[in-house]
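To be precise, the following lines are target.cif, and they hold mmCIF, C-alpha atoms and all ligand atoms.
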data_final
#
loop_
_atom_site.label_atom_id
_atom_site.label_comp_id
_atom_site.auth_asym_id
_atom_site.auth_seq_id
_atom_site.Cartn_x
_atom_site.Cartn_y
_atom_site.Cartn_z
CA MET A 1 0.00 0.00 0.00
CA PRO A 2 1.99 3.06 -1.15
CA ARG A 3 1.73 5.72 1.55
CA THR A 4 4.98 7.64 1.54
CA TYR A 5 7.21 9.08 -1.13
CA ASN A 6 9.73 6.25 -1.04
CA ASP A 7 7.01 3.65 -1.10
CA TYR A 8 5.25 5.24 -4.05
CA ILE A 9 8.16 5.65 -6.41
CA ASP A 10 9.61 2.28 -5.43
CA TYR A 11 6.21 0.77 -6.03
CA LEU A 12 5.98 2.35 -9.50
CA ASN A 13 9.50 1.44 -10.51
CA GLU A 14 9.12 -2.13 -9.30
CA THR A 15 5.61 -2.74 -10.63
CA ILE A 16 6.11 -1.19 -14.04
CA CYS A 17 8.97 -3.25 -15.34
CA ILE A 18 8.85 -5.55 -18.30
CA PRO A 19 9.04 -9.28 -17.60
CA ALA A 20 11.12 -11.55 -19.84
CA VAL A 21 8.21 -13.88 -20.61
CA GLN A 22 5.10 -12.52 -22.29
CA ARG A 23 2.06 -14.66 -22.93
CA TYR A 24 -0.48 -12.88 -25.11
CA GLU A 25 -0.11 -10.50 -28.05
CA ALA A 26 -1.86 -7.14 -28.18
CA ILE A 27 -2.09 -4.50 -30.89
CA ASP A 28 -2.23 -0.94 -29.48
CA LEU A 29 -4.00 1.50 -31.82
CA PHE A 30 -3.27 5.24 -31.45
CA ALA A 31 -0.46 4.17 -29.13
CA GLY A 32 1.04 7.56 -28.24
CA CYS A 33 4.28 7.13 -26.28
CA GLY A 34 2.97 3.79 -24.99
CA GLY A 35 1.41 4.51 -21.58
CA LEU A 36 -1.34 1.94 -22.13
CA SER A 37 1.03 -0.56 -23.76
CA LEU A 38 3.54 -0.19 -20.93
CA GLY A 39 0.99 -1.31 -18.32
CA PHE A 40 0.10 -4.30 -20.53
CA GLU A 41 3.74 -5.25 -21.08
CA ALA A 42 4.41 -4.99 -17.32
CA ALA A 43 1.54 -7.43 -16.77
CA GLY A 44 3.12 -9.87 -19.23
CA ILE A 45 1.39 -9.09 -22.54
CA LYS A 46 3.46 -8.44 -25.66
CA THR A 47 2.32 -5.30 -27.45
CA MET A 48 2.76 -3.78 -30.89
CA GLY A 49 2.01 -0.07 -31.31
CA TYR A 50 0.49 1.86 -34.23
CA GLU A 51 0.90 5.64 -34.01
CA MET A 52 1.33 8.47 -36.50
CA VAL A 53 3.66 10.83 -34.56
CA GLY A 54 7.38 10.07 -34.85
CA ASP A 55 8.37 11.28 -31.36
CA CYS A 56 5.71 9.06 -29.79
CA CYS A 57 6.95 6.03 -31.73
CA ASP A 58 10.52 6.81 -30.69
CA SER A 59 9.54 7.02 -26.99
CA TYR A 60 7.61 3.77 -27.35
CA LYS A 61 10.53 1.94 -28.96
CA LYS A 62 13.06 3.36 -26.50
CA ASN A 63 11.20 2.06 -23.46
CA LEU A 64 9.05 -0.88 -24.46
CA LYS A 65 10.15 -4.27 -25.56
CA SER A 66 8.39 -4.18 -28.90
CA GLU A 67 7.87 -2.23 -32.11
CA CYS A 68 5.78 0.83 -32.80
CA ASN A 69 4.69 1.24 -36.43
CA GLN A 70 4.60 4.86 -37.50
CA LYS A 71 1.53 5.21 -39.68
CA VAL A 72 -1.80 7.01 -39.98
CA ILE A 73 -4.47 4.47 -39.08
CA ASP A 74 -7.75 4.43 -40.96
CA GLU A 75 -10.44 1.90 -41.83
CA ASN A 76 -8.20 0.35 -44.50
CA THR A 77 -5.18 -0.27 -42.29
CA GLU A 78 -4.21 -3.91 -42.11
CA PHE A 79 -3.09 -5.52 -38.88
CA PRO A 80 -1.55 -8.88 -37.97
CA ALA A 81 -3.40 -11.50 -35.90
CA ALA A 82 -3.52 -10.72 -32.17
CA ASP A 83 -5.22 -11.99 -29.01
CA ILE A 84 -6.10 -8.50 -27.86
CA ILE A 85 -6.66 -5.04 -29.35
CA ILE A 86 -6.21 -2.06 -27.05
CA GLY A 87 -6.29 1.61 -27.90
CA GLY A 88 -7.12 5.18 -27.10
CA PRO A 89 -8.82 6.73 -30.14
CA PRO A 90 -8.15 10.51 -30.13
CA CYS A 91 -10.36 12.12 -27.50
CA GLN A 92 -10.51 15.70 -28.82
CA PRO A 93 -13.79 15.01 -30.70
CA PHE A 94 -15.45 14.07 -27.40
CA SER A 95 -13.54 16.16 -24.87
CA ARG A 96 -15.45 18.61 -22.68
CA ARG A 97 -12.80 21.21 -23.52
CA GLY A 98 -12.95 20.68 -27.27
CA LYS A 99 -15.44 21.82 -29.90
CA GLN A 100 -17.55 18.71 -29.31
CA LYS A 101 -17.82 17.79 -33.00
CA GLY A 102 -17.96 14.14 -31.91
CA LYS A 103 -18.46 11.62 -34.70
CA ASN A 104 -18.27 14.36 -37.36
CA ASP A 105 -14.77 15.32 -36.29
CA THR A 106 -12.26 14.05 -38.84
CA ARG A 107 -10.05 12.97 -35.91
CA ASN A 108 -12.66 10.48 -34.71
CA GLY A 109 -10.74 7.20 -34.39
CA PHE A 110 -13.67 4.90 -33.56
CA PRO A 111 -14.45 3.83 -37.16
CA ALA A 112 -10.85 2.63 -37.55
CA PHE A 113 -10.91 0.92 -34.14
CA ILE A 114 -14.17 -0.92 -34.94
CA GLU A 115 -12.89 -1.98 -38.35
CA ALA A 116 -9.67 -3.31 -36.78
CA VAL A 117 -11.75 -5.38 -34.32
CA ARG A 118 -13.93 -6.67 -37.18
CA ARG A 119 -10.93 -7.80 -39.19
CA VAL A 120 -8.66 -9.15 -36.45
CA GLN A 121 -11.41 -10.69 -34.29
CA PRO A 122 -9.30 -10.55 -31.11
CA ARG A 123 -10.32 -12.57 -28.08
CA LEU A 124 -10.77 -9.32 -26.17
CA TRP A 125 -10.53 -5.61 -26.95
CA LEU A 126 -10.25 -2.64 -24.61
CA CYS A 127 -10.46 1.04 -25.33
CA GLU A 128 -9.87 4.14 -23.21
CA ASN A 129 -11.43 7.55 -23.76
CA VAL A 130 -12.72 10.69 -22.08
CA LYS A 131 -15.82 10.43 -19.93
CA GLY A 132 -17.51 13.01 -22.16
CA LEU A 133 -18.08 10.30 -24.76
CA PRO A 134 -21.03 8.64 -22.97
CA GLU A 135 -21.98 11.79 -21.06
CA GLN A 136 -22.23 14.29 -23.92
CA ASN A 137 -22.37 12.04 -26.98
CA ILE A 138 -24.68 9.32 -25.75
CA GLU A 139 -26.24 8.49 -29.14
CA TYR A 140 -22.89 8.05 -30.81
CA PHE A 141 -21.55 6.12 -27.84
CA GLN A 142 -24.51 3.72 -28.02
CA ALA A 143 -24.02 3.33 -31.77
CA VAL A 144 -20.35 2.41 -31.24
CA VAL A 145 -21.31 -0.12 -28.54
CA GLU A 146 -23.98 -1.67 -30.79
CA GLN A 147 -21.53 -2.06 -33.67
CA LEU A 148 -19.00 -3.75 -31.41
CA LYS A 149 -21.64 -6.02 -29.89
CA GLY A 150 -22.61 -6.95 -33.44
CA LEU A 151 -19.08 -8.30 -33.91
CA GLY A 152 -19.76 -10.94 -31.26
CA TYR A 153 -18.62 -9.37 -27.99
CA LYS A 154 -20.15 -8.70 -24.61
CA VAL A 155 -19.49 -5.00 -24.14
CA GLU A 156 -19.07 -3.37 -20.73
CA HIS A 157 -17.94 0.10 -19.79
CA ARG A 158 -17.07 2.03 -16.65
CA ILE A 159 -15.96 5.54 -15.76
CA PHE A 160 -12.94 5.33 -13.48
CA GLN A 161 -11.65 7.83 -10.93
CA LEU A 162 -7.97 7.09 -11.43
CA VAL A 163 -7.09 8.53 -8.03
CA GLN A 164 -8.50 5.27 -6.62
CA TYR A 165 -5.98 3.28 -8.68
CA ASP A 166 -2.62 4.62 -7.49
CA VAL A 167 -2.61 7.64 -9.80
CA PRO A 168 -1.89 10.82 -7.75
CA GLN A 169 -4.30 12.85 -9.83
CA ASN A 170 -8.01 13.62 -10.13
CA ARG A 171 -8.37 12.04 -13.56
CA GLU A 172 -11.60 10.46 -14.75
CA ARG A 173 -11.60 8.21 -17.77
CA LEU A 174 -13.93 5.87 -19.63
CA VAL A 175 -12.87 2.28 -20.29
CA ILE A 176 -14.87 0.07 -22.68
CA VAL A 177 -14.15 -3.66 -22.89
CA GLY A 178 -15.40 -6.29 -25.31
CA HIS A 179 -14.96 -9.95 -24.38
CA ARG A 180 -16.62 -13.34 -24.70
CA GLY A 181 -16.25 -14.62 -21.16
CA ARG A 182 -16.35 -12.97 -17.74
CA PHE A 183 -14.55 -9.69 -17.19
CA VAL A 184 -14.16 -8.12 -13.75
CA PHE A 185 -13.01 -4.50 -13.65
CA PRO A 186 -10.17 -3.78 -11.19
CA GLN A 187 -11.24 -2.85 -7.68
CA PRO A 188 -10.54 0.64 -6.27
CA ASN A 189 -8.06 1.22 -3.43
CA ASP A 190 -9.23 2.49 -0.07
CA TYR A 191 -6.46 5.12 -0.03
CA ILE A 192 -5.18 7.79 -2.37
CA VAL A 193 -1.69 9.04 -3.23
CA THR A 194 -1.11 12.79 -2.94
CA ALA A 195 1.01 14.89 -5.31
CA GLY A 196 3.43 15.46 -2.42
CA GLU A 197 3.85 11.72 -1.83
CA ALA A 198 4.43 11.16 -5.54
CA LEU A 199 6.93 13.99 -6.01
CA GLY A 200 8.71 13.93 -2.66
CA SER A 201 11.66 16.29 -2.42
CA MET A 202 11.51 17.18 -6.13
CA ALA A 203 8.59 19.50 -5.41
CA SER A 204 10.66 21.85 -3.27
CA GLU A 205 13.73 21.84 -5.48
CA ILE A 206 14.71 24.29 -8.18
CA PRO A 207 15.80 22.14 -11.09
CA GLU A 208 18.43 23.20 -13.59
CA ASN A 209 16.71 25.19 -16.34
CA ALA A 210 13.65 25.73 -14.12
CA ALA A 211 10.92 27.50 -16.10
CA PHE A 212 9.69 30.29 -13.82
CA LEU A 213 6.46 32.02 -14.63
CA THR A 214 7.03 35.60 -15.70
CA PRO A 215 5.52 38.53 -13.73
CA SER A 216 3.00 39.03 -16.54
CA MET A 217 1.96 35.37 -16.32
CA ASP A 218 1.58 35.70 -12.54
CA ALA A 219 -0.53 38.82 -13.08
CA TYR A 220 -2.65 36.99 -15.68
CA ILE A 221 -3.22 34.08 -13.30
CA ALA A 222 -4.18 36.46 -10.47
CA LYS A 223 -6.68 38.20 -12.77
CA TYR A 224 -8.08 34.88 -14.01
CA GLU A 225 -8.47 33.49 -10.49
CA ALA A 226 -10.18 36.65 -9.26
CA ALA A 227 -12.55 36.73 -12.25
CA SER A 228 -13.45 33.04 -11.94
CA LYS A 229 -13.85 33.37 -8.13
CA CYS A 230 -11.40 30.50 -7.89
CA ARG A 231 -11.43 29.32 -4.26
CA ASN A 232 -8.41 27.05 -4.59
CA PRO A 233 -5.47 28.62 -6.40
CA ARG A 234 -4.42 26.32 -9.19
CA ASP A 235 -0.86 25.90 -7.97
CA LEU A 236 -0.06 22.28 -7.18
CA HIS A 237 -1.28 21.36 -3.68
CA LEU A 238 1.07 18.77 -2.25
CA ASP A 239 -1.42 17.49 0.31
CA ARG A 240 -3.90 16.30 -2.34
CA PRO A 241 -3.91 14.62 -5.72
CA ALA A 242 -3.01 16.88 -8.66
CA ARG A 243 -5.59 18.31 -11.05
CA THR A 244 -6.07 16.31 -14.26
CA LEU A 245 -2.97 16.51 -16.44
CA THR A 246 -3.78 17.30 -20.08
CA CYS A 247 -1.71 18.25 -23.13
CA ARG A 248 -3.11 21.75 -22.82
CA ASN A 249 -2.24 22.40 -19.18
CA LEU A 250 1.19 20.77 -19.49
CA ALA A 251 2.45 21.85 -22.91
CA GLY A 252 0.71 25.23 -23.24
CA SER A 253 1.26 28.54 -21.46
CA THR A 254 -2.25 28.73 -20.08
CA SER A 255 -3.73 30.13 -16.88
CA ASP A 256 -4.34 26.60 -15.65
CA MET A 257 -0.82 25.41 -16.44
CA HIS A 258 0.52 22.96 -13.83
CA ARG A 259 3.00 24.82 -11.65
CA ILE A 260 4.53 24.68 -8.20
CA LYS A 261 4.62 27.71 -5.91
CA LEU A 262 7.96 27.83 -4.11
CA PRO A 263 8.36 29.05 -0.51
CA ASP A 264 9.86 32.33 -1.85
CA GLY A 265 6.63 33.01 -3.79
CA ARG A 266 7.99 32.26 -7.26
CA ARG A 267 6.11 29.80 -9.40
CA ARG A 268 7.75 27.30 -11.68
CA ARG A 269 6.23 25.06 -14.28
CA ILE A 270 6.32 21.36 -13.30
CA THR A 271 9.09 19.47 -15.07
CA VAL A 272 8.65 16.62 -17.52
CA ARG A 273 9.79 14.16 -14.82
CA GLU A 274 7.31 15.55 -12.29
CA ALA A 275 4.50 15.39 -14.86
CA ALA A 276 5.47 11.79 -15.67
CA ARG A 277 5.36 10.84 -11.96
CA LEU A 278 1.94 12.40 -11.56
CA GLN A 279 0.83 10.42 -14.62
CA GLY A 280 1.98 7.13 -13.07
CA PHE A 281 5.12 6.56 -15.18
CA PRO A 282 8.17 4.96 -13.55
CA ASP A 283 11.28 7.15 -13.40
CA TRP A 284 13.17 4.93 -15.86
CA PHE A 285 10.82 5.88 -18.73
CA GLU A 286 12.51 8.38 -21.08
CA PHE A 287 10.49 10.58 -23.42
CA VAL A 288 11.87 11.55 -26.82
CA GLY A 289 11.41 14.91 -28.59
CA THR A 290 11.19 18.57 -27.69
CA GLU A 291 9.98 19.54 -24.23
CA GLU A 292 6.58 20.45 -25.68
CA SER A 293 6.34 17.08 -27.41
CA GLN A 294 7.26 15.26 -24.18
CA TYR A 295 4.61 17.13 -22.18
CA THR A 296 2.06 16.30 -24.90
CA GLN A 297 2.95 12.61 -24.82
CA ILE A 298 2.47 12.58 -21.04
CA GLY A 299 -0.80 14.52 -21.09
CA ASN A 300 -2.20 12.10 -23.69
CA ALA A 301 -1.09 8.93 -21.98
CA VAL A 302 -3.04 6.37 -20.03
CA PRO A 303 -1.21 6.21 -16.69
CA PRO A 304 0.79 2.97 -16.94
CA ILE A 305 0.07 2.04 -13.31
CA PHE A 306 -3.66 2.13 -14.11
CA ALA A 307 -3.12 0.30 -17.43
CA TYR A 308 -1.29 -2.41 -15.48
CA LYS A 309 -4.38 -3.02 -13.34
CA LEU A 310 -6.58 -3.18 -16.45
CA ALA A 311 -4.14 -5.63 -18.04
CA LYS A 312 -4.28 -7.92 -15.00
CA ALA A 313 -8.08 -7.98 -15.34
CA VAL A 314 -7.68 -8.78 -19.06
CA ILE A 315 -5.41 -11.74 -18.27
CA ASP A 316 -7.87 -13.02 -15.65
CA CYS A 317 -10.62 -12.86 -18.25
CA LEU A 318 -8.60 -14.67 -20.91
CA GLN A 319 -7.59 -17.37 -18.46
CA GLY A 320 -11.07 -17.64 -17.07
CA GLY A 321 -12.49 -20.50 -19.05
CA LYS A 322 -13.21 -22.03 -22.37
CA ASP A 323 -14.57 -18.97 -24.01
CA GLY A 324 -12.88 -16.64 -21.59
CA ILE A 325 -11.38 -17.84 -24.05
C1 LIG A 401 -4.97 9.82 -26.56
S1 LIG A 401 -3.47 9.58 -27.42
C2 LIG A 401 -3.14 7.91 -27.00
C3 LIG A 401 -2.29 7.73 -25.80
C4 LIG A 401 -1.85 6.32 -25.55
N1 LIG A 401 -2.97 5.43 -25.42
C5 LIG A 401 -0.97 6.22 -24.31
O1 LIG A 401 -1.40 5.63 -23.33
O2 LIG A 401 0.16 6.76 -24.33
C6 LIG A 401 -3.98 9.44 -29.08
C7 LIG A 401 -2.82 9.25 -30.04
O3 LIG A 401 -3.38 8.94 -31.31
C8 LIG A 401 -2.52 9.46 -32.30
N2 LIG A 401 -3.33 9.51 -33.54
C9 LIG A 401 -4.38 10.32 -33.78
N3 LIG A 401 -4.94 10.00 -34.97
C10 LIG A 401 -4.19 8.99 -35.49
C11 LIG A 401 -4.28 8.24 -36.68
N4 LIG A 401 -5.25 8.42 -37.58
N5 LIG A 401 -3.36 7.27 -36.88
C12 LIG A 401 -2.38 7.03 -35.98
N6 LIG A 401 -2.26 7.71 -34.82
C13 LIG A 401 -3.16 8.67 -34.57
C14 LIG A 401 -2.07 10.79 -31.74
O4 LIG A 401 -0.86 11.20 -32.34
C15 LIG A 401 -1.94 10.46 -30.25
O5 LIG A 401 -0.62 10.14 -29.94
#
Let me see the file written as structure tokens.
Amino acid sequence: MPRTYNDYIDYLNETICIPAVQRYEAIDLFAGCGGLSLGFEAAGIKTMGYEMVGDCCDSYKKNLKSECNQKVIDENTEFPAADIIIGGPPCQPFSRRGKQKGKNDTRNGFPAFIEAVRRVQPRLWLCENVKGLPEQNIEYFQAVVEQLKGLGYKVEHRIFQLVQYDVPQNRERLVIVGHRGRFVFPQPNDYIVTAGEALGSMASEIPENAAFLTPSMDAYIAKYEAASKCRNPRDLHLDRPARTLTCRNLAGSTSDMHRIKLPDGRRRRITVREAARLQGFPDWFEFVGTEESQYTQIGNAVPPIFAYKLAKAVIDCLQGGKDGI
């Protein structure tokens, strides 16, 4: 039960490591830097990524045991046979913060995901997305579920509070699973990990090349927080889980950018390593690309420690009986 800084980072580094023997094969669609794949590999499942951005593929290949194919996936993309398909179709079409174009957004990855499932006929598939999909796009969500059921799967979904799964962050995400046996979603913890426990002494340090907010950014934040009657300043609070990490509030200079307020009153942007910790990545994971690209990869990722718990449930399902399968 990770309770203190040393426990938490030791727990992450020890849990998220890749075993020599891997039993099942999974294809990861829209793989990003491999957050979802990493949790599956740590649980003993061999993965193969498909992703269009070069930096993401390079991070994936640098850290995971397997290949990441750099290509733009569409309904015509061909895939090899696999036991499992996993993936995180781009969430911008369904994100609360986006323009909410949903299925009409050209970035909608669900048609390609469904077609991949139809062609490969994996024993189980699992997909992660924003909770806005069922909440604000219920008709499209139901249509997606019906199509996937029509391919011969029992389909179940759940919205997870990741803070209950060892992620030191208030992140809520949708997970949809299709299987032909019995699938039991992972159980929540009865404790949470705070940002302070996850970051430990890093939070009070001034790293080399620290990015301090400028006086005009501080003034902008003060104005924004006054106008929005913000009760809790958006600086990182070490005694609680962090706010949701997104590409926007990590990679962009926005008023809700993740930052730490130092004892001397200066604010600095959280570092890539701090962001990775708060996103449940072990410290040995190295991101490739510019700083902005690295923050984007982290903001987009499924926290590997959460993915690991999902992967364990997937293995239980596949081992669970004749058509478990
Ligand atoms: C939400 S992120 C996935 C994060 C990933 N599951 C992880 O855990 O690290 C979606 C990814 O899909 C990629 N992407 C979007 N459209 C794509 C397409 N048509 N083909 C391939 N990759 C695509 C984006 O570059 C982005 O990295």
*Counting only C-alpha atoms and all ligand atoms, name the residues that have an atom within 7 Å of an atom of ligand LIG 401 (chain A); the answer should be given as an NGL selection string.*
:A and (30-37 or 50-53 or 56 or 71-74 or 87-91 or 107 or 109 or 297 or 300-303)
Written selection (C-alpha atoms) as a PDB file, in the coordinates of the input:
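So the final result, stored in out-v7.pdb, reads:
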ATOM      1  CA  PHE A  30      -3.270   5.240 -31.450  1.00  0.00           C
ATOM      2  CA  ALA A  31      -0.460   4.170 -29.130  1.00  0.00           C
ATOM      3  CA  GLY A  32       1.040   7.560 -28.240  1.00  0.00           C
ATOM      4  CA  CYS A  33       4.280   7.130 -26.280  1.00  0.00           C
ATOM      5  CA  GLY A  34       2.970   3.790 -24.990  1.00  0.00           C
ATOM      6  CA  GLY A  35       1.410   4.510 -21.580  1.00  0.00           C
ATOM      7  CA  LEU A  36      -1.340   1.940 -22.130  1.00  0.00           C
ATOM      8  CA  SER A  37       1.030  -0.560 -23.760  1.00  0.00           C
ATOM      9  CA  TYR A  50       0.490   1.860 -34.230  1.00  0.00           C
ATOM     10  CA  GLU A  51       0.900   5.640 -34.010  1.00  0.00           C
ATOM     11  CA  MET A  52       1.330   8.470 -36.500  1.00  0.00           C
ATOM     12  CA  VAL A  53       3.660  10.830 -34.560  1.00  0.00           C
ATOM     13  CA  CYS A  56       5.710   9.060 -29.790  1.00  0.00           C
ATOM     14  CA  LYS A  71       1.530   5.210 -39.680  1.00  0.00           C
ATOM     15  CA  VAL A  72      -1.800   7.010 -39.980  1.00  0.00           C
ATOM     16  CA  ILE A  73      -4.470   4.470 -39.080  1.00  0.00           C
ATOM     17  CA  ASP A  74      -7.750   4.430 -40.960  1.00  0.00           C
ATOM     18  CA  GLY A  87      -6.290   1.610 -27.900  1.00  0.00           C
ATOM     19  CA  GLY A  88      -7.120   5.180 -27.100  1.00  0.00           C
ATOM     20  CA  PRO A  89      -8.820   6.730 -30.140  1.00  0.00           C
ATOM     21  CA  PRO A  90      -8.150  10.510 -30.130  1.00  0.00           C
ATOM     22  CA  CYS A  91     -10.360  12.120 -27.500  1.00  0.00           C
ATOM     23  CA  ARG A 107     -10.050  12.970 -35.910  1.00  0.00           C
ATOM     24  CA  GLY A 109     -10.740   7.200 -34.390  1.00  0.00           C
ATOM     25  CA  GLN A 297       2.950  12.610 -24.820  1.00  0.00           C
ATOM     26  CA  ASN A 300      -2.200  12.100 -23.690  1.00  0.00           C
ATOM     27  CA  ALA A 301      -1.090   8.930 -21.980  1.00  0.00           C
ATOM     28  CA  VAL A 302      -3.040   6.370 -20.030  1.00  0.00           C
ATOM     29  CA  PRO A 303      -1.210   6.210 -16.690  1.00  0.00           C
TER      30      PRO A 303
END
_Counting all atoms listed in the file, the residue of A:Pro111, A:Gly200, A:Pro263, A:Pro215 that sits nearest Thr77 (chain A)_ = A:Pro111
*Could you name the residues that touch region 10-16 of chain A at 9 Å or less, counting all atoms listed in the file, but leaving out those on the same chain fewer than 4 positions away, as a list in words?*
Met1, Pro2, Tyr5, Asn6, Leu38, Gly39, Glu41, Ala42, Ala43, Arg277, Gly280, Phe281, Pro282, Asp283, Trp284, Pro304, Ile305 and Tyr308 of chain A
_Nearest to Gln319 (chain A) by atom-to-atom distance, counting all atoms listed in the file, from A:Ala81, A:Phe183, A:Pro19, A:Lys46_ = A:Phe183
Quick one: contact table of region 163-279 of chain A to region 143-157 of chain A, 8 Å max, nearest atom pair and distance in Å to one decimal per residue, counting only C-alpha atoms, chain and number order, as a Markdown table?
| residue | atom | partner | partner_atom | distance |
| --- | --- | --- | --- | --- |
| A:Leu174 | CA | A:His157 | CA | 7.0 |
| A:Val175 | CA | A:His157 | CA | 5.5 |
| A:Ile176 | CA | A:His157 | CA | 4.2 |
| A:Val177 | CA | A:Glu156 | CA | 5.4 |
| A:Gly178 | CA | A:Val155 | CA | 4.4 |
| A:His179 | CA | A:Tyr153 | CA | 5.2 |
| A:Arg180 | CA | A:Tyr153 | CA | 5.5 |
| A:Gly181 | CA | A:Lys154 | CA | 7.9 |
_Nearby residues (only C-alpha atoms) at most 6 Å from region 167-173 of chain A, same-chain spacing under 6 positions excluded, as an MDAnalysis selection string_ = chainID A and resid 130:131 159:161 193:195 241:244 278 280
Work out where the centre of an axis-aligned box around every listed atom of region 241-246 of chain A lies and how long its edges are once 6 Å is added on each side; give both in Å to one decimal as lines of an AutoDock Vina configuration file.
center_x = -4.5
center_y = 16.5
center_z = -12.9
size_x = 15.1
size_y = 15.7
size_z = 26.4
_Nearest residue to Cys127 (chain A) out of A:Glu291, A:Asp264, A:Asp28, A:Asp235, using only C-alpha atoms?_
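With only C-alpha atoms as the atom set, the closest residue is A:Asp28.
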*Which polymer residues have any atom within 8 Å of an atom of region 201-205 of chain A, counting only C-alpha atoms, with same-chain residues fewer than 6 positions away left out, as a VMD selection string?*
chain A and resid 260 262 274
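Minimum atom-to-atom distance to Ser293 (chain A), evaluated using all atoms listed in the file, belongs to A:Ser59 out of A:Gln279, A:Ser59, A:Gln187, A:Thr106.
Using only C-alpha atoms for every distance, the candidate list A:Leu133, A:Ile84, A:Leu162, A:Ala26 yields A:Leu162 as the residue closest to Phe306 (chain A).
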_Atom pair CA of Met257 (chain A) / CA of Glu286 (chain A): separation (Å)_ =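 Separating CA of Met257 (chain A) from CA of Glu286 (chain A) is a distance of 22.1 Å.
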*Excluding same-chain residues fewer than 4 positions from Leu250 (chain A), what lies within 7 Å of it counting all atoms listed in the file, as a PyMOL selection string?*
chain A and resi 245-246+257-258+295+299
Could you please take those selected residues and save C-alpha atoms as an mmCIF file, in the frame of the given file?
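Printed below is out-v7.cif as written:
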data_model
loop_
_atom_site.group_PDB
_atom_site.id
_atom_site.type_symbol
_atom_site.label_atom_id
_atom_site.label_comp_id
_atom_site.auth_asym_id
_atom_site.auth_seq_id
_atom_site.Cartn_x
_atom_site.Cartn_y
_atom_site.Cartn_z
ATOM 1 C CA LEU A 245 -2.970 16.510 -16.440
ATOM 2 C CA THR A 246 -3.780 17.300 -20.080
ATOM 3 C CA MET A 257 -0.820 25.410 -16.440
ATOM 4 C CA HIS A 258 0.520 22.960 -13.830
ATOM 5 C CA TYR A 295 4.610 17.130 -22.180
ATOM 6 C CA GLY A 299 -0.800 14.520 -21.090
#
*Using only C-alpha atoms, find the one residue out of A:Glu115, A:Glu139, A:Glu67, A:Glu197 that sits nearest to Asp166 (chain A).*
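Among A:Glu115, A:Glu139, A:Glu67, A:Glu197, it is A:Glu197 that comes nearest to Asp166 (chain A).
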*For the atom pair CA of Pro80 (chain A) and CA of Ile27 (chain A), what is the interatomic distance in Å to one decimal place?*
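These two atoms are separated by 8.3 Å.
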*Contacts of Pro122 (chain A) within 7 Å, all atoms listed in the file, excl. fewer than 6 positions in-chain, as a VMD selection string*: chain A and resid 82 to 85
